[in-house]
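First up is the structure itself, then whatever we jot down about it.
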Amino acid sequence: MTDIFNSIVVLLNFVIIPGLSYGSQLALGALGVTFVYAILRFANFAHGELMSFGAMITILFTWFFQSQNIGLGILPTALIALPFGILATILLGLLSDKFVFKYYRKQKSVPVVLAMVSIGVMFVVNAIIRIIVGTETIKFSDGQKFIMKAKEFKMMTGLNEGLALKSSQVITILITIALLTFTFWFLQKTKTGKSMRAFSDNEDLALLSGINPDRVVFITWLIVGTLACVAGTLYGLDKSYKPIIYLNLVLPIFASAIVGGIGSPFGAVVGGYVIAFSEIMVTYAYKKFFKYLLPENFEPSSLVQLLSTDYKFAVSFTILVIVLLIRPSGIFRGKVL
Amino acid sequence: MRFDKYEWTAISIMTSLFILVGFIQGWSVSLVILNMCIISAIMTMGVNISWGYAGVINFGVMGFLAMGGLAAVLVSYPPVKEAWQVGGSGLGISLILLVALVTAVYFITKLVEKKSHKYWLNGLVICFGLIIIRYFFLNATDRIEEVDPALAGFLGGANLPIIFSWAVGGLFAGGVAFVIGKVALGLRSDYLAIVTLGISEIVVSVLKHEEWLSRGVKNVIGLKRPVPYEINLQTSDWFISMVTWFNSSKLNEIIDADQKQEILTNLIIDSSSLFVKLNYALLFFTVMIVIYYFANKAQISPWGRMMRAIRDNEVSANAMGKDIVKQHLIIFVIGAAIVGVAGAMLVTLDGLFTPSGYRPLRFTFIIWIMVIVGGSGNNLGAIFGGFVIWFAWIEVAPLTTFLINLLTSGLDPQNAIRLHLLDSVPYFRYLLMGMILLLILRYRPKGIIPEKIRHS
């Protein structure tokens, strides 16, 4: 019996909890991409940089607060700095819209041109970030690192395997739940949310019924900025902040949004978790897991790993390609917000 | 190929820029930039053919370049016999099994009628097949990677002159593009962009981690050259006499024999490296001109006209009986093959293959900026874009240093802001690239040298 518990704990520790926190980060990112896609109607390649920018501003404010000895005790200081990061990210989104994207929207350019434009924005934001903080890895999480250490768990339960619970993981999951609840409540219940859904569904009809497009775009950037900054900061808090990572994160985020059904917010969230779990599950070595479950003689000699961890990123694209082949509109039929 | 006034201006500005760099920073620098410019121009033509002619987006540039680079390794590197002995049979068995698996899946798809049965059966066969293949394959690759890991640890190549790899690189990239095109070309353009970007990441990560094939992150160094080596040049008589002849007026002025010999030696060393770069430049230039010639011929041919028709109005082209899916696939493969040629040339120029050096920012997005800036749909525009952007990419660093020094000249030399700015000089090139792209898209969306509208 303890063997079964041990194997469950192994799985929890190495697959489920990391998957949940990574999935939450992807889900928040993918939700932002989906909002831009559904309302502004283009694939925003600059989203990763938006996340990175938000995280960078949060880090700068965290440093400021740390130097002033303002902190939250056991919680990371970044949580106080987060609102400032969100404001700055929203500002960046609005500015990029005003100076760049608005022109093409008024011109009714094709989506590909807007995607190209977003690549230009990506380069500019990328350069600004690197000029400000460089390319080094930055660790900015402080406060208590673990809620539960592996040793404590072993003592508590008497099992062989420990379960470590990082506070950044718990914070990520809690903030994600709160933010997702709020976003879906906003979309379903408020008048503005309904107008946004209408706008995404049929722009001409929405305009005819008196919805102000500028207001819808403004609100979209508010939401996108918030989501991007929170996702970027949580990712940086959980692992560490490095500008180049966010560029690599764009593709899994796109994969999540498309796998879930692009344009569908619920799909984006589900897609995020699907991509995260498959990345981790396919590249996890199950040797320890089977060691507890199988009788002693059948103990696996190899690592029981489907793919080496080198291919972590490749997994998400493979899933993306398979989904596009079998069901191009994604798991939840996309397009309508 | 008749150029109008505008195009002549572009060509002469570019030429004079290179001469200017030659005089200010030295001819060696100028030739190094020129070589990379030509390679960039070939990549740009490849992208331009699929995007400019037919509107097929190709964000997989990085992957095709890497395939070209792999070709350079596989063609020119001497074979590692020991590795073939220990792992060859295992690899052969897994290849045969793979072919068997693909045939099985093909027949299942053809013969089984019911759709859900088809999926289940296929899934089962693929899973089972992969487990068996994995067993043989991993055994073989492990053994190969154990062969002299510090120097070899991979299969090596065919030991042919590296210049053949340019064609082979095109074939490799074209082959990969064929598979990608079969899978993804039905998608809408922005989906296609994301998918090709993703697949190019997969290609690069395979090259990075399959050490038996490409040595992975351990890199392959010391590839053969298609041009003479400096060391050999410096000892060969004809080269020495040529250098003496070129500089005879300068050498004759010096009377002291020792001093004369010393100056001559220095001249020979300098000019040998120049001569090598010049040789590369000539080779690359020939390839560029050949590709340019055929690309232009294709564009004004009936086939090119059909491509434009498909690009401008897919529905009506379809109604006229043009097979859009097939034509898209053809042009995607051709474009990718040209990029593959450029990839092989790139590795030839460097003499080494570093899979971890392939990054999308540098090898996909910059190429796209070149296409957009130069002018999509116009081959000369594409070449010009490649030249201008690569030139700017290199020359922006010294310029920024100069500007920062100028702007902060009032500040203390140890001022923190000044030092920080000087540290981040390399990142200003990204800023410049982004700004150029945004400005061009806004104010000159057809590029610097736009496509000529032909009513023929």
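Naming scheme: A, B, ... for chains in displayed order of the structure tokens; residues 1 onward per chain; ligands 1 onward as shown.
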Contact table chain B vs chain A, cut-off 8 Å, shortest pair per residue, only C-alpha atoms, as JSON lines:
{"residue": "B:Val183", "atom": "CA", "partner": "A:Leu325", "partner_atom": "CA", "distance": 7.2}
{"residue": "B:Ala184", "atom": "CA", "partner": "A:Leu325", "partner_atom": "CA", "distance": 7.8}
{"residue": "B:Ser189", "atom": "CA", "partner": "A:Val112", "partner_atom": "CA", "distance": 6.6}
{"residue": "B:Asp190", "atom": "CA", "partner": "A:Val112", "partner_atom": "CA", "distance": 5.7}
{"residue": "B:Ile194", "atom": "CA", "partner": "A:Phe254", "partner_atom": "CA", "distance": 7.5}
{"residue": "B:Val195", "atom": "CA", "partner": "A:Val321", "partner_atom": "CA", "distance": 7.0}
{"residue": "B:Gly198", "atom": "CA", "partner": "A:Phe317", "partner_atom": "CA", "distance": 5.5}
{"residue": "B:Ile199", "atom": "CA", "partner": "A:Phe317", "partner_atom": "CA", "distance": 6.8}
{"residue": "B:Glu201", "atom": "CA", "partner": "A:Ala314", "partner_atom": "CA", "distance": 7.0}
{"residue": "B:Ile202", "atom": "CA", "partner": "A:Ala314", "partner_atom": "CA", "distance": 5.1}
{"residue": "B:Ser205", "atom": "CA", "partner": "A:Tyr311", "partner_atom": "CA", "distance": 6.8}
{"residue": "B:Val206", "atom": "CA", "partner": "A:Tyr311", "partner_atom": "CA", "distance": 7.8}
{"residue": "B:His209", "atom": "CA", "partner": "A:Asp310", "partner_atom": "CA", "distance": 6.8}
{"residue": "B:Phe365", "atom": "CA", "partner": "A:Ile119", "partner_atom": "CA", "distance": 7.7}
{"residue": "B:Leu421", "atom": "CA", "partner": "A:Ile131", "partner_atom": "CA", "distance": 7.2}
{"residue": "B:Ser424", "atom": "CA", "partner": "A:Ile131", "partner_atom": "CA", "distance": 5.3}
{"residue": "B:Val425", "atom": "CA", "partner": "A:Ile131", "partner_atom": "CA", "distance": 7.9}
{"residue": "B:Tyr427", "atom": "CA", "partner": "A:Ala127", "partner_atom": "CA", "distance": 5.5}
{"residue": "B:Phe428", "atom": "CA", "partner": "A:Ala127", "partner_atom": "CA", "distance": 6.3}
{"residue": "B:Arg429", "atom": "CA", "partner": "A:Ala127", "partner_atom": "CA", "distance": 7.8}
{"residue": "B:Tyr430", "atom": "CA", "partner": "A:Ala127", "partner_atom": "CA", "distance": 5.3}
{"residue": "B:Leu431", "atom": "CA", "partner": "A:Val124", "partner_atom": "CA", "distance": 4.7}
{"residue": "B:Leu432", "atom": "CA", "partner": "A:Val124", "partner_atom": "CA", "distance": 7.7}
{"residue": "B:Met433", "atom": "CA", "partner": "A:Phe123", "partner_atom": "CA", "distance": 6.9}
{"residue": "B:Gly434", "atom": "CA", "partner": "A:Gly120", "partner_atom": "CA", "distance": 4.4}
{"residue": "B:Met435", "atom": "CA", "partner": "A:Val124", "partner_atom": "CA", "distance": 6.7}
{"residue": "B:Leu437", "atom": "CA", "partner": "A:Gly120", "partner_atom": "CA", "distance": 5.6}
{"residue": "B:Leu438", "atom": "CA", "partner": "A:Gly120", "partner_atom": "CA", "distance": 5.5}
{"residue": "B:Leu441", "atom": "CA", "partner": "A:Val117", "partner_atom": "CA", "distance": 7.2}
Mind writing the picked residues with C-alpha atoms as a PDB file, in the first residue's frame?
ATOM      1  CA  VAL B 183       1.238  18.821 -43.803  1.00  0.00           C
ATOM      2  CA  ALA B 184       0.727  22.519 -43.333  1.00  0.00           C
ATOM      3  CA  SER B 189      -1.329  32.390 -43.703  1.00  0.00           C
ATOM      4  CA  ASP B 190      -0.797  33.405 -40.081  1.00  0.00           C
ATOM      5  CA  ILE B 194       3.414  29.846 -36.628  1.00  0.00           C
ATOM      6  CA  VAL B 195       3.538  26.236 -37.788  1.00  0.00           C
ATOM      7  CA  GLY B 198       7.548  25.698 -34.842  1.00  0.00           C
ATOM      8  CA  ILE B 199       8.723  23.047 -37.285  1.00  0.00           C
ATOM      9  CA  GLU B 201      12.531  24.773 -34.116  1.00  0.00           C
ATOM     10  CA  ILE B 202      11.957  21.024 -34.234  1.00  0.00           C
ATOM     11  CA  SER B 205      16.484  20.726 -31.927  1.00  0.00           C
ATOM     12  CA  VAL B 206      16.874  17.409 -33.751  1.00  0.00           C
ATOM     13  CA  HIS B 209      20.532  16.528 -29.972  1.00  0.00           C
ATOM     14  CA  PHE B 365      13.111  37.270 -38.522  1.00  0.00           C
ATOM     15  CA  LEU B 421      24.954  52.307 -22.627  1.00  0.00           C
ATOM     16  CA  SER B 424      24.536  47.478 -24.402  1.00  0.00           C
ATOM     17  CA  VAL B 425      25.745  48.606 -27.820  1.00  0.00           C
ATOM     18  CA  TYR B 427      21.372  45.463 -28.537  1.00  0.00           C
ATOM     19  CA  PHE B 428      20.881  48.706 -30.410  1.00  0.00           C
ATOM     20  CA  ARG B 429      20.926  46.733 -33.635  1.00  0.00           C
ATOM     21  CA  TYR B 430      17.671  45.036 -32.632  1.00  0.00           C
ATOM     22  CA  LEU B 431      16.188  48.455 -31.959  1.00  0.00           C
ATOM     23  CA  LEU B 432      17.307  49.657 -35.372  1.00  0.00           C
ATOM     24  CA  MET B 433      15.957  46.561 -37.128  1.00  0.00           C
ATOM     25  CA  GLY B 434      12.571  46.923 -35.452  1.00  0.00           C
ATOM     26  CA  MET B 435      12.386  50.601 -36.280  1.00  0.00           C
ATOM     27  CA  LEU B 437      10.720  47.298 -40.274  1.00  0.00           C
ATOM     28  CA  LEU B 438       8.011  49.443 -38.688  1.00  0.00           C
ATOM     29  CA  LEU B 441       5.749  48.844 -43.346  1.00  0.00           C
TER      30      LEU B 441
END
Practice problem: Taking the chain letters and numbering used in this document, name the residues of segment 34-200 of chain A that DSSP puts in strand (DSSP E), as a PyMOL selection string. | Solution: chain A and resi 146-148+165-166
With N, CA and C atoms retained, export the selected residues as a compact mmCIF listing (two decimals), in the first residue's frame.
# COMPACT_ATOMS: atom_id res chain seq x y z
N PHE A 146 10.06 27.63 0.29
CA PHE A 146 9.22 26.44 0.28
C PHE A 146 8.09 26.58 1.27
N ILE A 147 6.92 26.12 0.86
CA ILE A 147 5.82 26.02 1.83
C ILE A 147 5.99 24.73 2.60
N MET A 148 6.38 23.68 1.86
CA MET A 148 6.62 22.40 2.51
C MET A 148 7.87 21.79 1.88
N LEU A 165 6.86 21.62 -1.94
CA LEU A 165 5.88 22.57 -2.46
C LEU A 165 6.52 23.94 -2.44
N LYS A 166 6.90 24.45 -3.63
CA LYS A 166 7.52 25.77 -3.66
C LYS A 166 6.44 26.83 -3.53
Quiz item: Could you pull out the helix (DSSP H, G or I) residues of segment 46-285 of chain A from DSSP and send them as number ranges by chain?
Solution: A: 47-67, 78-107, 111-133, 150-157, 167-189, 191-201, 203-208, 213-238, 243-260, 265-283
Considering only C-alpha atoms, return as a PDB file with N, CA and C atoms, in the first residue's frame whatever protein or nucleic-acid residues lie within 9 Å of Leu94 of chain A, sequence-local ones (same chain, fewer than 6 positions apart) excluded.
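File written: result-v1.pdb
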ATOM      1  N   PHE A 218      -9.491  49.510 -26.201  1.00  0.00           N
ATOM      2  CA  PHE A 218      -8.854  49.978 -24.964  1.00  0.00           C
ATOM      3  C   PHE A 218      -8.942  48.923 -23.864  1.00  0.00           C
ATOM      4  N   TRP A 221      -6.666  45.958 -24.414  1.00  0.00           N
ATOM      5  CA  TRP A 221      -5.264  46.138 -24.024  1.00  0.00           C
ATOM      6  C   TRP A 221      -5.107  46.127 -22.513  1.00  0.00           C
ATOM      7  N   LEU A 222      -6.147  46.648 -21.786  1.00  0.00           N
ATOM      8  CA  LEU A 222      -6.074  46.557 -20.324  1.00  0.00           C
ATOM      9  C   LEU A 222      -5.936  45.101 -19.900  1.00  0.00           C
ATOM     10  N   GLY A 225      -2.589  43.475 -21.219  1.00  0.00           N
ATOM     11  CA  GLY A 225      -1.430  43.928 -20.457  1.00  0.00           C
ATOM     12  C   GLY A 225      -1.359  43.245 -19.097  1.00  0.00           C
TER      13      GLY A 225
END
For segment 60-70 of chain B, list every protein, DNA or RNA residue within 7 Å, evaluated using only C-alpha atoms, and leave out those in the same chain fewer than 5 positions away; present the list as a compact mmCIF listing (two decimals) with N, CA and C atoms, in the first residue's frame.
# COMPACT_ATOMS: atom_id res chain seq x y z
N GLY B 169 22.53 20.66 -50.13
CA GLY B 169 21.80 21.45 -49.13
C GLY B 169 20.44 21.86 -49.66
N GLY B 170 20.43 22.28 -50.93
CA GLY B 170 19.15 22.62 -51.54
C GLY B 170 18.21 21.44 -51.54
N PHE B 172 18.25 18.77 -49.51
CA PHE B 172 17.82 18.46 -48.14
C PHE B 172 16.69 19.39 -47.71
N ALA B 173 16.95 20.70 -47.88
CA ALA B 173 15.95 21.68 -47.44
C ALA B 173 14.66 21.50 -48.22
N THR B 196 5.26 26.88 -39.40
CA THR B 196 6.60 26.74 -39.98
C THR B 196 7.66 27.16 -38.97
N LEU B 197 7.36 28.19 -38.21
CA LEU B 197 8.30 28.61 -37.16
C LEU B 197 8.53 27.46 -36.18
N ILE B 199 8.04 24.20 -36.70
CA ILE B 199 8.72 23.05 -37.29
C ILE B 199 10.20 23.34 -37.44
N SER B 200 10.55 24.60 -37.75
CA SER B 200 11.97 24.90 -37.88
C SER B 200 12.66 24.73 -36.53
N GLU B 201 11.95 25.03 -35.44
CA GLU B 201 12.53 24.77 -34.12
C GLU B 201 12.75 23.28 -33.92
N VAL B 203 13.32 21.05 -36.25
CA VAL B 203 14.47 20.63 -37.07
C VAL B 203 15.77 20.96 -36.35
N VAL B 204 15.85 22.19 -35.83
CA VAL B 204 17.09 22.59 -35.18
C VAL B 204 17.32 21.77 -33.91
N SER B 214 24.91 14.71 -36.40
CA SER B 214 25.50 16.02 -36.65
C SER B 214 26.48 16.43 -35.55
N ALA B 336 12.36 27.08 -50.28
CA ALA B 336 13.13 26.46 -49.19
C ALA B 336 14.44 25.92 -49.70
N VAL B 339 16.95 28.61 -49.91
CA VAL B 339 17.43 28.92 -48.57
C VAL B 339 18.43 27.86 -48.11
N GLY B 340 18.15 26.60 -48.46
CA GLY B 340 19.06 25.52 -48.09
C GLY B 340 20.43 25.70 -48.72
N VAL B 341 20.46 26.13 -49.99
CA VAL B 341 21.74 26.41 -50.66
C VAL B 341 22.51 27.46 -49.86
N ALA B 342 21.79 28.51 -49.48
CA ALA B 342 22.45 29.56 -48.70
C ALA B 342 22.97 29.01 -47.38
N GLY B 343 22.20 28.09 -46.78
CA GLY B 343 22.64 27.51 -45.51
C GLY B 343 23.95 26.75 -45.66
N ALA B 344 24.06 25.97 -46.77
CA ALA B 344 25.30 25.23 -47.01
C ALA B 344 26.45 26.20 -47.24
N VAL B 347 27.75 27.64 -43.93
CA VAL B 347 28.65 26.74 -43.20
C VAL B 347 29.99 26.63 -43.90
N PHE B 353 30.18 23.93 -38.17
CA PHE B 353 28.73 23.75 -38.08
C PHE B 353 28.35 23.75 -36.61
N TYR B 358 21.81 28.38 -34.34
CA TYR B 358 20.62 28.74 -35.12
C TYR B 358 19.53 29.26 -34.19
N PRO B 360 16.00 31.82 -33.95
CA PRO B 360 15.00 32.39 -34.86
C PRO B 360 15.16 33.90 -35.06
N PHE B 363 18.08 34.17 -37.60
CA PHE B 363 18.03 33.46 -38.86
C PHE B 363 16.64 33.37 -39.48
N THR B 364 15.61 33.81 -38.80
CA THR B 364 14.32 33.84 -39.47
C THR B 364 13.82 35.26 -39.61
Practice problem: Mind checking which residues fall within 12 Å of Ile13 of chain B, counting only C-alpha atoms, ignoring those fewer than 5 positions away in the same chain, and posting them as a ChimeraX atom specification? | Solution: /B:6-8,18-20,384,387-388
Which residues are close to segment 268-277 of chain B, i.e. within 7 Å by only C-alpha atoms, leaving aside same-chain residues fewer than 5 positions away? Reply as a JSON list (two decimals) with C-alpha atoms, in the first residue's frame.
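That gives us selection20.json:
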[["chain", "number", "residue", "atom", "x", "y", "z"],
["B", 28, "SER", "CA", 39.29, 42.78, -45.22],
["B", 31, "LEU", "CA", 34.99, 41.71, -47.95],
["B", 227, "VAL", "CA", 39.23, 27.82, -51.89],
["B", 228, "PRO", "CA", 42.98, 27.65, -51.15],
["B", 230, "GLU", "CA", 46.30, 31.08, -46.62],
["B", 233, "LEU", "CA", 49.23, 30.56, -50.66],
["B", 234, "GLN", "CA", 52.01, 32.18, -48.69],
["B", 240, "ILE", "CA", 54.38, 35.67, -54.22],
["B", 243, "VAL", "CA", 51.91, 40.18, -54.93]]
